[in-house]
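Enquirer: Here you go, one structure.
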Amino acid sequence: MTPLLSKVCPCFFPEQIEPARPLEEIEQSLLSQEASDAPVPDWDGFIDWAQRQQGTVNPFVLLFGNKLPAGDALDLGSGTGDNVKLLLGSRWSVTAVDANQKAIEVLKRIQSPKLNVIHSTLEEFQTDKKFSLILAFNVLGFCTADKIKEIWGRIYDALPKNGHVICSFPTLGRSAYSKWALNREEIQQFFIEKRFKIVEEIKLNDPFTAHPLVFVLKKI
């Protein structure tokens, strides 16, 4: 596989294959990773900082938001709404979810009849609606390890067949703020195998990101 995004973004490079454990051991490893071990990020401070950046273009959302037929999209952990604005500009209807009150206030200032803003954690968020595109970018590692399997199941259920999810995962040794982490092969075994086709796979060459391993997945 030659990832599309590695051709246009020099900060990306393919992930190397790492040995994995049996599926049962992976799940036990997740459950043993205590949420209390991770420090709590200063989300209010992050929202203030993000607003000063005057909008960050996410190449994954920019490329695939325009490439896929516009429909209903779900953005989990929307922050200041950079991805939301990109999708709205590509004629998507967007449901934006964030747990931070300051982020919700920023999101509600985006003027669009196609935007629905929901104040909720990922652990608590549930929906019966189907979305042809779901974003879970830089957010999954901040969910508690004992809930991540359930959260991922709800993401899967919210996609129709052939729906897409753009998601990033925390990998071992990359961030003290992640509440759990696995290596690449374990992520594929636990989250992807038998449920999704990998459309793109990229490793971010960025020491500051907590979620360096990015997938564009298609539900099968």
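Every chain in the structure tokens has a letter given in the order shown (A, B, ...), and although residue numbers restart at 1 in each chain, ligands are simply numbered from 1 in the order shown.
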Please identify every residue of region 69-181 of chain A that has at least one atom no farther than 10 Å from an atom of region 41-60 of chain A, counting only C-alpha atoms, and for each give the shortest atom pair and the distance in Å to one decimal, arranged by chain then increasing number, as a Markdown table.
Expert:
| residue | atom | partner | partner_atom | distance |
| --- | --- | --- | --- | --- |
| A:Gly79 | CA | A:Ile47 | CA | 6.7 |
| A:Thr80 | CA | A:Ile47 | CA | 6.5 |
| A:Gly81 | CA | A:Gly55 | CA | 8.4 |
| A:Asp82 | CA | A:Gly55 | CA | 5.7 |
| A:Asn83 | CA | A:Asn58 | CA | 6.8 |
| A:Lys85 | CA | A:Gly55 | CA | 9.2 |
| A:Leu86 | CA | A:Val57 | CA | 7.9 |
| A:Ala99 | CA | A:Trp43 | CA | 9.6 |
| A:Asn100 | CA | A:Trp43 | CA | 7.0 |
| A:Gln101 | CA | A:Asp44 | CA | 8.5 |
| A:Lys102 | CA | A:Asp44 | CA | 6.4 |
| A:Ala103 | CA | A:Ile47 | CA | 6.3 |
| A:Val106 | CA | A:Gln51 | CA | 8.7 |
| A:Leu135 | CA | A:Phe60 | CA | 9.9 |
| A:Phe137 | CA | A:Phe60 | CA | 9.7 |
| A:Phe142 | CA | A:Pro41 | CA | 9.1 |
| A:Ile166 | CA | A:Phe60 | CA | 7.5 |
| A:Cys167 | CA | A:Phe60 | CA | 9.6 |
| A:Ala176 | CA | A:Pro41 | CA | 9.8 |
| A:Tyr177 | CA | A:Pro41 | CA | 6.7 |
| A:Ser178 | CA | A:Pro41 | CA | 9.6 |
Enquirer: Compile the contact shell of Ala136 (chain A) as a PyMOL selection string: residues with an atom at most 8 Å away, counting only C-alpha atoms, same-chain residues fewer than 5 positions apart removed.
Expert: chain A and resi 75-77+165-168
Enquirer: Among the residues of region 25-147 of chain A, find those DSSP assigns to strand (DSSP E or B) from the backbone and print them as a list in words.
Expert: Asp72, Ala73, Leu74, Asp75, Leu76, Ser93, Val94, Thr95, Ala96, Val97, Asp98, Leu115, Asn116, Val117, Ile118, His119, Leu133, Ile134, Leu135 and Ala136 of chain A
Enquirer: Would you list the contacts of Ile118 (chain A) as a list in words, taking every protein, DNA or RNA residue within 7 Å and counting only C-alpha atoms, but skipping same-chain residues closer than 6 positions in sequence?
Expert: Ala96, Val97 and Asp98 of chain A
Enquirer: Output N, CA and C atoms for every residue in that selection, as a compact mmCIF listing (two decimals), in the first residue's frame.
Expert:
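Output file result_20.txt follows:
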# COMPACT_ATOMS: atom_id res chain seq x y z
N ALA A 96 -21.42 17.64 15.87
CA ALA A 96 -20.15 17.87 16.57
C ALA A 96 -20.31 17.56 18.05
N VAL A 97 -19.44 16.72 18.59
CA VAL A 97 -19.53 16.29 19.99
C VAL A 97 -18.24 16.67 20.72
N ASP A 98 -18.38 17.30 21.88
CA ASP A 98 -17.21 17.58 22.71
C ASP A 98 -17.63 17.63 24.17
Enquirer: Considering only C-alpha atoms, can you say which of A:Leu88, A:Leu133, A:Pro113, A:Glu124 comes closest to Leu74 (chain A)?
Expert: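 The closest residue to Leu74 (chain A) is A:Leu133.
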Enquirer: Set the distance at 8 Å and use only C-alpha atoms: which residues neighbour Leu182 (chain A) once local chain neighbours fewer than 3 positions away are removed? I'd like the list as a list in words.
Expert: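 These residues fall inside the cut-off: Pro170, Thr171, Leu172, Glu186 and Ile187 of chain A.
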Enquirer: For Gly163 (chain A), which residue among A:Thr209, A:Lys179, A:Val216, A:Ser78 is the nearest when counting only C-alpha atoms?
Expert: A:Val216
Enquirer: Could you please determine the separation between CA of Ser90 (chain A) and CA of Leu62 (chain A) in Å, to one decimal place?
Expert: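 Those two atoms sit 8.7 Å apart.
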